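Q: Handing over upload.cif, mmCIF, C-alpha atoms and all ligand atoms.
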data_work
#
loop_
_atom_site.label_atom_id
_atom_site.label_comp_id
_atom_site.auth_asym_id
_atom_site.auth_seq_id
_atom_site.Cartn_x
_atom_site.Cartn_y
_atom_site.Cartn_z
CA MET A 1 12.38 27.38 -11.21
CA GLU A 2 9.42 25.00 -11.48
CA ARG A 3 6.35 26.59 -13.09
CA GLN A 4 3.12 25.68 -11.25
CA THR A 5 -0.07 25.67 -13.31
CA VAL A 6 -3.03 26.79 -11.24
CA ILE A 7 -5.85 24.28 -11.72
CA PRO A 8 -9.32 25.88 -11.88
CA LEU A 9 -11.34 24.94 -8.77
CA ARG A 10 -13.95 23.07 -10.78
CA GLU A 11 -11.30 20.83 -12.29
CA ARG A 12 -9.43 20.01 -9.10
CA ASN A 13 -9.54 16.51 -7.75
CA ILE A 14 -11.72 16.16 -4.66
CA ILE A 15 -9.75 14.23 -2.04
CA LEU A 16 -11.22 12.48 0.99
CA ILE A 17 -9.06 12.00 4.07
CA GLY A 18 -9.67 10.69 7.59
CA PHE A 19 -9.04 7.78 9.93
CA MET A 20 -9.36 4.20 8.68
CA GLY A 21 -12.97 3.13 8.52
CA ALA A 22 -14.33 6.69 8.57
CA GLY A 23 -16.00 6.01 5.23
CA LYS A 24 -13.66 7.51 2.62
CA THR A 25 -14.13 4.65 0.16
CA THR A 26 -17.88 4.35 0.66
CA ILE A 27 -18.59 8.08 0.56
CA GLY A 28 -16.07 8.80 -2.22
CA GLN A 29 -17.88 6.38 -4.51
CA LEU A 30 -21.18 8.14 -3.82
CA VAL A 31 -19.72 11.62 -4.38
CA ALA A 32 -18.26 10.48 -7.72
CA LYS A 33 -21.62 9.16 -8.84
CA LYS A 34 -23.43 12.34 -7.81
CA LEU A 35 -20.93 14.57 -9.66
CA TYR A 36 -20.56 12.23 -12.69
CA ARG A 37 -16.84 11.89 -12.05
CA ASP A 38 -14.37 9.04 -12.05
CA PHE A 39 -13.57 7.54 -8.67
CA ILE A 40 -10.16 6.30 -7.60
CA ASP A 41 -9.68 4.52 -4.30
CA VAL A 42 -5.95 4.66 -3.64
CA ASP A 43 -5.87 1.39 -1.66
CA ALA A 44 -7.77 -0.45 -4.42
CA GLU A 45 -5.56 1.11 -7.10
CA ILE A 46 -2.41 -0.08 -5.28
CA GLU A 47 -3.90 -3.57 -5.00
CA ARG A 48 -4.79 -3.57 -8.70
CA ARG A 49 -1.37 -2.33 -9.87
CA HIS A 50 0.62 -4.67 -7.63
CA GLY A 51 -1.62 -7.72 -7.91
CA MET A 52 -1.79 -8.25 -4.17
CA SER A 53 -4.01 -7.18 -1.30
CA ILE A 54 -2.83 -4.52 1.15
CA PRO A 55 -2.58 -7.04 4.02
CA GLU A 56 -0.43 -9.21 1.70
CA MET A 57 1.77 -6.24 0.83
CA PHE A 58 2.26 -5.40 4.51
CA ALA A 59 3.12 -9.04 5.25
CA GLN A 60 5.41 -9.68 2.25
CA LYS A 61 7.04 -6.29 1.61
CA GLY A 62 6.58 -4.42 4.88
CA GLU A 63 4.81 -1.20 5.80
CA ALA A 64 7.67 1.07 4.66
CA TYR A 65 7.38 -0.31 1.11
CA PHE A 66 3.60 0.18 1.17
CA ARG A 67 4.03 3.80 2.33
CA GLN A 68 6.45 4.54 -0.51
CA VAL A 69 4.11 3.06 -3.12
CA GLU A 70 1.20 4.95 -1.57
CA ARG A 71 3.09 8.26 -1.53
CA GLU A 72 4.30 7.98 -5.12
CA LEU A 73 0.86 7.08 -6.43
CA ILE A 74 -0.90 9.92 -4.63
CA VAL A 75 1.66 12.55 -5.63
CA ASP A 76 1.39 11.33 -9.24
CA LEU A 77 -2.43 11.42 -9.20
CA CYS A 78 -2.46 14.89 -7.64
CA THR A 79 0.06 16.26 -10.11
CA ASN A 80 -1.15 14.60 -13.31
CA THR A 81 -4.91 14.14 -13.07
CA ARG A 82 -7.96 16.37 -12.73
CA LEU A 83 -11.69 15.97 -12.22
CA LYS A 84 -11.36 12.82 -10.11
CA ILE A 85 -12.67 11.86 -6.72
CA LEU A 86 -9.79 10.33 -4.73
CA SER A 87 -10.24 8.39 -1.51
CA LEU A 88 -6.96 7.99 0.35
CA GLY A 89 -6.00 5.21 2.73
CA GLY A 90 -6.28 6.17 6.40
CA GLY A 91 -2.54 6.61 6.98
CA ALA A 92 -1.55 8.23 3.68
CA TYR A 93 -2.06 11.79 4.83
CA LEU A 94 0.50 11.37 7.60
CA GLN A 95 3.20 11.72 4.94
CA GLU A 96 4.21 15.32 4.35
CA ASP A 97 4.68 14.93 0.58
CA VAL A 98 1.15 13.57 0.34
CA ARG A 99 -0.31 16.48 2.32
CA ARG A 100 1.60 19.01 0.26
CA ALA A 101 0.47 17.56 -3.10
CA CYS A 102 -3.15 17.16 -2.01
CA LEU A 103 -3.43 20.69 -0.60
CA ALA A 104 -1.67 22.29 -3.57
CA HIS A 105 -3.59 20.60 -6.36
CA GLY A 106 -6.86 19.28 -4.92
CA ILE A 107 -9.73 20.15 -2.63
CA VAL A 108 -9.27 18.17 0.58
CA PHE A 109 -12.28 17.05 2.63
CA PHE A 110 -11.70 15.64 6.12
CA LEU A 111 -14.26 13.04 7.19
CA ASP A 112 -14.39 13.74 10.90
CA LEU A 113 -15.72 10.96 13.13
CA SER A 114 -15.43 10.96 16.94
CA TRP A 115 -13.44 8.28 18.75
CA GLU A 116 -16.62 7.08 20.49
CA HIS A 117 -18.50 6.60 17.21
CA TRP A 118 -15.48 5.00 15.59
CA LYS A 119 -14.90 2.57 18.43
CA GLU A 120 -18.56 1.51 18.72
CA GLU A 121 -19.63 1.48 15.08
CA ARG A 122 -16.63 1.16 12.76
CA LEU A 123 -14.05 -0.89 14.61
CA PRO A 124 -16.21 -4.03 14.53
CA LEU A 125 -16.57 -3.64 10.74
CA ILE A 126 -12.88 -3.27 9.91
CA ALA A 127 -10.96 -4.93 12.75
CA ASP A 128 -9.93 -7.96 10.70
CA SER A 129 -9.12 -6.24 7.41
CA ARG A 130 -6.72 -3.43 8.35
CA PRO A 131 -3.14 -4.61 9.07
CA VAL A 132 -2.37 -1.48 11.11
CA LEU A 133 -4.92 -2.64 13.70
CA LYS A 134 -3.35 -6.08 14.01
CA ASN A 135 -1.82 -6.89 17.41
CA LYS A 136 -2.78 -3.49 18.87
CA THR A 137 -4.70 -3.01 22.10
CA LEU A 138 -7.70 -0.69 22.10
CA GLU A 139 -5.60 1.84 24.05
CA GLU A 140 -2.92 1.77 21.35
CA VAL A 141 -5.51 2.26 18.62
CA GLU A 142 -6.98 5.17 20.58
CA GLN A 143 -3.52 6.73 20.80
CA LEU A 144 -3.05 6.32 17.04
CA PHE A 145 -6.48 7.87 16.43
CA PHE A 146 -5.59 11.02 18.38
CA GLN A 147 -1.99 11.18 17.09
CA ARG A 148 -3.30 11.35 13.54
CA GLN A 149 -5.75 14.20 14.15
CA SER A 150 -3.11 16.93 13.79
CA ALA A 151 -2.36 15.81 10.24
CA TYR A 152 -6.04 15.52 9.31
CA ALA A 153 -6.54 19.07 10.68
CA LEU A 154 -4.73 20.33 7.56
CA HIS A 155 -7.66 20.31 5.12
CA HIS A 156 -9.82 22.65 3.06
CA SER A 157 -13.18 21.49 4.35
CA ARG A 158 -14.56 19.18 7.04
CA VAL A 159 -17.69 17.06 7.34
CA ILE A 160 -18.70 15.80 10.77
CA ILE A 161 -20.08 12.37 9.98
CA ASN A 162 -20.94 11.04 13.44
CA GLU A 163 -24.68 10.96 12.88
CA LEU A 164 -24.71 10.79 9.08
CA GLU A 165 -25.41 7.89 6.80
CA ALA A 166 -22.96 7.61 3.91
CA GLU A 167 -25.56 9.00 1.47
CA GLN A 168 -26.14 12.07 3.67
CA ALA A 169 -22.41 12.69 4.06
CA ALA A 170 -21.97 12.50 0.28
CA ASP A 171 -24.83 14.98 -0.21
CA GLN A 172 -23.19 17.42 2.22
CA ILE A 173 -19.88 17.20 0.36
CA VAL A 174 -21.55 17.74 -2.99
CA GLN A 175 -23.52 20.71 -1.65
CA SER A 176 -20.40 22.24 -0.14
CA ILE A 177 -18.31 21.77 -3.27
CA LYS A 178 -21.01 23.26 -5.53
CA TRP A 179 -21.29 26.26 -3.20
CA THR A 180 -17.50 26.74 -3.36
CA TRP A 181 -17.49 26.51 -7.15
CA ASP A 182 -20.33 29.03 -7.45
CA VAL A 183 -18.78 31.52 -5.04
CA TYR A 184 -15.22 31.39 -6.31
CA GLU A 185 -15.79 30.58 -9.98
CA PRO A 186 -19.20 31.97 -10.94
CA ASN A 187 -20.28 31.96 -14.60
CA ARG A 188 -18.21 28.96 -15.59
N1 LIG B 1 -21.66 6.92 7.16
C1 LIG B 1 -21.57 5.63 7.45
N2 LIG B 1 -22.41 5.08 8.33
C2 LIG B 1 -22.30 3.77 8.67
N3 LIG B 1 -21.38 2.91 8.17
C3 LIG B 1 -20.51 3.41 7.28
C4 LIG B 1 -20.55 4.78 6.87
N4 LIG B 1 -19.54 4.99 6.00
C5 LIG B 1 -18.90 3.81 5.87
N5 LIG B 1 -19.50 2.86 6.63
C6 LIG B 1 -19.06 1.45 6.78
O1 LIG B 1 -17.80 1.49 7.50
C7 LIG B 1 -16.89 0.52 6.97
C8 LIG B 1 -15.60 1.22 6.55
O2 LIG B 1 -15.90 2.10 5.48
P1 LIG B 1 -14.82 2.47 4.37
O3 LIG B 1 -14.15 1.24 3.88
O4 LIG B 1 -15.51 3.32 3.37
O5 LIG B 1 -13.79 3.33 5.23
P2 LIG B 1 -12.43 4.01 4.77
O6 LIG B 1 -12.40 5.37 5.40
O7 LIG B 1 -12.30 3.95 3.30
O8 LIG B 1 -11.32 3.10 5.46
P3 LIG B 1 -9.76 2.95 5.09
O9 LIG B 1 -9.05 4.17 5.58
O10 LIG B 1 -9.29 1.78 5.86
O11 LIG B 1 -9.67 2.78 3.62
C9 LIG B 1 -17.63 -0.18 5.82
O12 LIG B 1 -18.16 -1.39 6.30
C10 LIG B 1 -18.75 0.79 5.44
O13 LIG B 1 -19.87 0.14 4.92
O1 LIG B 2 -4.78 3.80 8.44
C1 LIG B 2 -3.88 3.16 7.84
O2 LIG B 2 -2.68 3.26 8.13
C2 LIG B 2 -4.29 2.28 6.73
C3 LIG B 2 -5.56 2.35 6.25
C4 LIG B 2 -6.03 1.60 5.05
O3 LIG B 2 -6.84 2.44 4.26
C5 LIG B 2 -4.87 1.06 4.22
O4 LIG B 2 -4.25 2.10 3.49
C6 LIG B 2 -3.84 0.40 5.09
O5 LIG B 2 -4.48 -0.70 5.71
C7 LIG B 2 -3.26 1.37 6.14
MG MG B 3 -10.86 3.08 2.08
#
Take the structure in the file and write it out as structure tokens.
Ligand SMILES: Nc1ncnc2c1ncn2[C@@H]1O[C@H](COP(=O)(O)OP(=O)(O)OP(=O)(O)O)[C@@H](O)[C@H]1O
Ligand SMILES: O=C(O)C1=C[C@@H](O)[C@@H](O)[C@H](O)C1
Ligand SMILES: [Mg+2]

A:
Amino acid sequence: MERQTVIPLRERNIILIGFMGAGKTTIGQLVAKKLYRDFIDVDAEIERRHGMSIPEMFAQKGEAYFRQVERELIVDLCTNTRLKILSLGGGAYLQEDVRRACLAHGIVFFLDLSWEHWKEERLPLIADSRPVLKNKTLEEVEQLFFQRQSAYALHHSRVIINELEAEQAADQIVQSIKWTWDVYEPNR
């Protein structure tokens, strides 16, 4: 039987999930800086390792290939690293193996943004750079947004970011994580 080492809370990776454009990359970077930890953006790490952009990978290798690469990288990071801040891609958490690894080994924060805020404020910023949005009507994107919520609902902690600037959201995450550390692992 596989022996599972329990990682102390303070050493667990902090993992940001949520819909594309919610701010995982932006806020993850800030959280890492505030906690003096290394930051890994899974999308950027895939691009670095494969020497191509994510839109190029979708176009040349297909989405199924991207999802496999994404899943293997996240499961590896969750199993073999500690003390990192990980920002996932927006669709990664839809994969069950990814959810299982993140929830078992890390502390998962859901960046929760309403459809109305997303549509008005984020869509214009990311519309051209996310292949999943390509050739979709607004109604189809809305459907995808709500379809994905049941996966994102499986988290350890949630930050409602509708009215928050990235800096404020990062401060809330840091405050929440320090509170958790102090309550569950005092005197460390
Ligand atoms: N709290 C915020 N307020 C306003 N704009 C924000 C906020 N957080 C991020 N942004 C902006 O929204 C855009 C998308 O942010 P970001 O790339 O961090 O999202 P993401 O969740 O990592 O997306 P993806 O899932 O596609 O990787 C960027 O232009 C960023 O500057
Ligand atoms: O929401 C998604 O499915 C995606 C979001 C991005 O972060 C990238 O991982 C990619 O463009 C797919
Ligand atoms: Mg990102």

Q: Using all atoms listed in the file, can you tell me which of A:Met52, A:Arg10, A:Thr5, A:Phe19 comes closest to ligand MG 3 (chain B)?

A: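 Of the candidates, the smallest distance to ligand MG 3 (chain B) is held by A:Phe19.
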
Q: Taking all atoms of ligand LIG 1 (chain B) that the file lists, what box with edges along x, y and z, padded by 3 Å per side, do you get, with centre and edge lengths in Å to one decimal, as lines of an AutoDock Vina configuration file?

A:
center_x = -15.7
center_y = 2.8
center_z = 6.0
size_x = 19.4
size_y = 14.3
size_z = 11.4

Q: Taking only C-alpha atoms and all ligand atoms into account, which residues are within 7 Å of ligand LIG 2 (chain B), as JSON, numbers by chain?

A: {"A": [19, 20, 43, 54, 55, 88, 89, 90, 91, 92, 130, 131, 132]}

Q: Can you pull out every residue within 8 Å of Val42 in chain A, counting all atoms listed in the file, but drop anything in the same chain fewer than 2 positions away, and send it as JSON, numbers by chain?

A: {"A": [40, 44, 45, 46, 70, 73, 74, 86, 87, 88, 89]}

Q: Between A:Glu63, A:Glu11, A:Glu47, A:Glu163, which residue has the minimum interatomic distance to ligand MG 3 (chain B), considering only C-alpha atoms and all ligand atoms?

A: A:Glu47

Q: Give one line per residue of chain A that approaches ligand LIG 1 (chain B) to at most 6 Å, naming the two atoms of the closest pair and their distance in Å to one decimal, counting only C-alpha atoms and all ligand atoms; sort by chain then ascending residue number and deliver it as JSON lines.

A:
{"residue": "A:Phe19", "atom": "CA", "partner": "B:LIG1", "partner_atom": "O9", "distance": 5.7}
{"residue": "A:Met20", "atom": "CA", "partner": "B:LIG1", "partner_atom": "O9", "distance": 3.1}
{"residue": "A:Gly21", "atom": "CA", "partner": "B:LIG1", "partner_atom": "O5", "distance": 3.4}
{"residue": "A:Ala22", "atom": "CA", "partner": "B:LIG1", "partner_atom": "O6", "distance": 3.9}
{"residue": "A:Gly23", "atom": "CA", "partner": "B:LIG1", "partner_atom": "O4", "distance": 3.3}
{"residue": "A:Lys24", "atom": "CA", "partner": "B:LIG1", "partner_atom": "O6", "distance": 3.7}
{"residue": "A:Thr25", "atom": "CA", "partner": "B:LIG1", "partner_atom": "O7", "distance": 3.7}
{"residue": "A:Thr26", "atom": "CA", "partner": "B:LIG1", "partner_atom": "O4", "distance": 3.7}
{"residue": "A:Gly89", "atom": "CA", "partner": "B:LIG1", "partner_atom": "O9", "distance": 4.3}
{"residue": "A:Gly90", "atom": "CA", "partner": "B:LIG1", "partner_atom": "O9", "distance": 3.5}
{"residue": "A:Arg122", "atom": "CA", "partner": "B:LIG1", "partner_atom": "O1", "distance": 5.4}
{"residue": "A:Leu125", "atom": "CA", "partner": "B:LIG1", "partner_atom": "O12", "distance": 5.2}
{"residue": "A:Leu164", "atom": "CA", "partner": "B:LIG1", "partner_atom": "N1", "distance": 5.3}
{"residue": "A:Glu165", "atom": "CA", "partner": "B:LIG1", "partner_atom": "N1", "distance": 3.9}
{"residue": "A:Ala166", "atom": "CA", "partner": "B:LIG1", "partner_atom": "N1", "distance": 3.6}

Q: From the options A:Ala59, A:Val6, A:Ile126, A:Ile107, which residue's atoms come nearest to ligand MG 3 (chain B), counting all atoms listed in the file?

A: A:Ile126

Q: Taking only C-alpha atoms and all ligand atoms into account, name the residue in A:Leu113, A:Glu72, A:Arg12, A:Ser129 that is nearest to ligand MG 3 (chain B).

A: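 Once distances to ligand MG 3 (chain B) are computed over only C-alpha atoms and all ligand atoms, the minimum belongs to A:Ser129.
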
Q: Of the candidates A:Val183, A:Phe39, A:Val159, A:Ala169, which one gets nearest to Phe109 in chain A if we count all atoms listed in the file?

A: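 When distances to Phe109 in chain A are compared using all atoms listed in the file, the smallest one comes from A:Val159.
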
Q: Between CA of Glu56 in chain A and CA of Pro124 in chain A, measure the distance and give it in Å to one decimal.

A: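 Here the two named atoms are 21.0 Å from each other.
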
Q: Leaving out Phe110 in chain A and any residue of its chain fewer than 3 positions from it, which residues lie within 9 Å of it when counting only C-alpha atoms, given as an mmCIF file with C-alpha atoms, in the frame of the given file?

A:
data_model
loop_
_atom_site.group_PDB
_atom_site.id
_atom_site.type_symbol
_atom_site.label_atom_id
_atom_site.label_comp_id
_atom_site.auth_asym_id
_atom_site.auth_seq_id
_atom_site.Cartn_x
_atom_site.Cartn_y
_atom_site.Cartn_z
ATOM 1 C CA ILE A 15 -9.750 14.230 -2.040
ATOM 2 C CA LEU A 16 -11.220 12.480 0.990
ATOM 3 C CA ILE A 17 -9.060 12.000 4.070
ATOM 4 C CA GLY A 18 -9.670 10.690 7.590
ATOM 5 C CA TYR A 152 -6.040 15.520 9.310
ATOM 6 C CA ALA A 153 -6.540 19.070 10.680
ATOM 7 C CA LEU A 154 -4.730 20.330 7.560
ATOM 8 C CA HIS A 155 -7.660 20.310 5.120
ATOM 9 C CA HIS A 156 -9.820 22.650 3.060
ATOM 10 C CA SER A 157 -13.180 21.490 4.350
ATOM 11 C CA ARG A 158 -14.560 19.180 7.040
ATOM 12 C CA VAL A 159 -17.690 17.060 7.340
ATOM 13 C CA ILE A 160 -18.700 15.800 10.770
#

Q: Using only C-alpha atoms and all ligand atoms, pick whichever of A:Leu35, A:Leu111, A:Val174, A:Cys78 has the shortest atom-to-atom distance to ligand MG 3 (chain B).

A: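 Closest to ligand MG 3 (chain B), using only C-alpha atoms and all ligand atoms: A:Leu111.
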
Q: Scan for residues within 12 Å of the point (4.1, 12.3, 4.5) in the coordinates of the file, using all atoms listed in the file, and reply as an NGL selection string.

A: :A and (64 or 67-72 or 74-75 or 91-102 or 148 or 151-152)

Q: Would you mind reading off the distance between CA of Arg48 in chain A and CA of Leu123 in chain A, one decimal, in Å?

A: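 These atoms are spaced 25.2 Å apart.
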
Q: List the neighbours of Ala170 in chain A out to 9 Å using all atoms listed in the file; skip same-chain residues closer than 4 positions along the sequence, and give me the result as a list in words.

A: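 Surrounding residues, per the criterion: Ile27, Gly28, Gln29, Leu30, Val31, Lys34, Glu165, Ala166, Val174 and Gln175 of chain A.
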
Q: For the atom pair CA of Gly106 in chain A and CA of Gln172 in chain A, what is the interatomic distance in Å to one decimal place?

A: 17.9 Å

Q: Got a minute to add N, CA and C atoms to range 38-57 of chain A and dump it as a PDB file, keeping the file's coordinate frame?

A:
ATOM      1  N   ASP A  38     -15.049  10.314 -12.293  1.00  0.00           N
ATOM      2  CA  ASP A  38     -14.370   9.040 -12.050  1.00  0.00           C
ATOM      3  C   ASP A  38     -13.926   8.977 -10.594  1.00  0.00           C
ATOM      4  N   PHE A  39     -13.968   7.755 -10.054  1.00  0.00           N
ATOM      5  CA  PHE A  39     -13.570   7.540  -8.670  1.00  0.00           C
ATOM      6  C   PHE A  39     -12.303   6.695  -8.630  1.00  0.00           C
ATOM      7  N   ILE A  40     -11.353   7.131  -7.821  1.00  0.00           N
ATOM      8  CA  ILE A  40     -10.160   6.300  -7.600  1.00  0.00           C
ATOM      9  C   ILE A  40      -9.982   6.106  -6.098  1.00  0.00           C
ATOM     10  N   ASP A  41     -10.013   4.844  -5.684  1.00  0.00           N
ATOM     11  CA  ASP A  41      -9.680   4.520  -4.300  1.00  0.00           C
ATOM     12  C   ASP A  41      -8.205   4.119  -4.287  1.00  0.00           C
ATOM     13  N   VAL A  42      -7.405   4.865  -3.567  1.00  0.00           N
ATOM     14  CA  VAL A  42      -5.950   4.660  -3.640  1.00  0.00           C
ATOM     15  C   VAL A  42      -5.561   3.252  -3.187  1.00  0.00           C
ATOM     16  N   ASP A  43      -6.185   2.760  -2.109  1.00  0.00           N
ATOM     17  CA  ASP A  43      -5.870   1.390  -1.660  1.00  0.00           C
ATOM     18  C   ASP A  43      -6.180   0.372  -2.768  1.00  0.00           C
ATOM     19  N   ALA A  44      -7.366   0.507  -3.368  1.00  0.00           N
ATOM     20  CA  ALA A  44      -7.770  -0.450  -4.420  1.00  0.00           C
ATOM     21  C   ALA A  44      -6.861  -0.336  -5.640  1.00  0.00           C
ATOM     22  N   GLU A  45      -6.440   0.894  -5.943  1.00  0.00           N
ATOM     23  CA  GLU A  45      -5.560   1.110  -7.100  1.00  0.00           C
ATOM     24  C   GLU A  45      -4.185   0.468  -6.858  1.00  0.00           C
ATOM     25  N   ILE A  46      -3.691   0.571  -5.626  1.00  0.00           N
ATOM     26  CA  ILE A  46      -2.410  -0.080  -5.280  1.00  0.00           C
ATOM     27  C   ILE A  46      -2.565  -1.600  -5.417  1.00  0.00           C
ATOM     28  N   GLU A  47      -3.674  -2.114  -4.915  1.00  0.00           N
ATOM     29  CA  GLU A  47      -3.900  -3.570  -5.000  1.00  0.00           C
ATOM     30  C   GLU A  47      -3.963  -4.019  -6.453  1.00  0.00           C
ATOM     31  N   ARG A  48      -4.639  -3.219  -7.279  1.00  0.00           N
ATOM     32  CA  ARG A  48      -4.790  -3.570  -8.700  1.00  0.00           C
ATOM     33  C   ARG A  48      -3.415  -3.551  -9.401  1.00  0.00           C
ATOM     34  N   ARG A  49      -2.659  -2.477  -9.166  1.00  0.00           N
ATOM     35  CA  ARG A  49      -1.370  -2.330  -9.870  1.00  0.00           C
ATOM     36  C   ARG A  49      -0.342  -3.360  -9.424  1.00  0.00           C
ATOM     37  N   HIS A  50      -0.404  -3.766  -8.164  1.00  0.00           N
ATOM     38  CA  HIS A  50       0.620  -4.670  -7.630  1.00  0.00           C
ATOM     39  C   HIS A  50       0.155  -6.121  -7.557  1.00  0.00           C
ATOM     40  N   GLY A  51      -1.109  -6.348  -7.881  1.00  0.00           N
ATOM     41  CA  GLY A  51      -1.620  -7.720  -7.910  1.00  0.00           C
ATOM     42  C   GLY A  51      -1.574  -8.410  -6.561  1.00  0.00           C
ATOM     43  N   MET A  52      -1.705  -7.634  -5.504  1.00  0.00           N
ATOM     44  CA  MET A  52      -1.790  -8.250  -4.170  1.00  0.00           C
ATOM     45  C   MET A  52      -2.621  -7.351  -3.257  1.00  0.00           C
ATOM     46  N   SER A  53      -3.197  -7.972  -2.223  1.00  0.00           N
ATOM     47  CA  SER A  53      -4.010  -7.180  -1.300  1.00  0.00           C
ATOM     48  C   SER A  53      -3.080  -6.357  -0.387  1.00  0.00           C
ATOM     49  N   ILE A  54      -3.652  -5.344   0.249  1.00  0.00           N
ATOM     50  CA  ILE A  54      -2.830  -4.520   1.150  1.00  0.00           C
ATOM     51  C   ILE A  54      -2.317  -5.350   2.332  1.00  0.00           C
ATOM     52  N   PRO A  55      -3.146  -6.181   2.961  1.00  0.00           N
ATOM     53  CA  PRO A  55      -2.580  -7.040   4.020  1.00  0.00           C
ATOM     54  C   PRO A  55      -1.430  -7.911   3.499  1.00  0.00           C
ATOM     55  N   GLU A  56      -1.535  -8.415   2.272  1.00  0.00           N
ATOM     56  CA  GLU A  56      -0.430  -9.210   1.700  1.00  0.00           C
ATOM     57  C   GLU A  56       0.811  -8.348   1.507  1.00  0.00           C
ATOM     58  N   MET A  57       0.608  -7.118   1.044  1.00  0.00           N
ATOM     59  CA  MET A  57       1.770  -6.240   0.830  1.00  0.00           C
ATOM     60  C   MET A  57       2.455  -5.918   2.160  1.00  0.00           C
TER      61      MET A  57
END
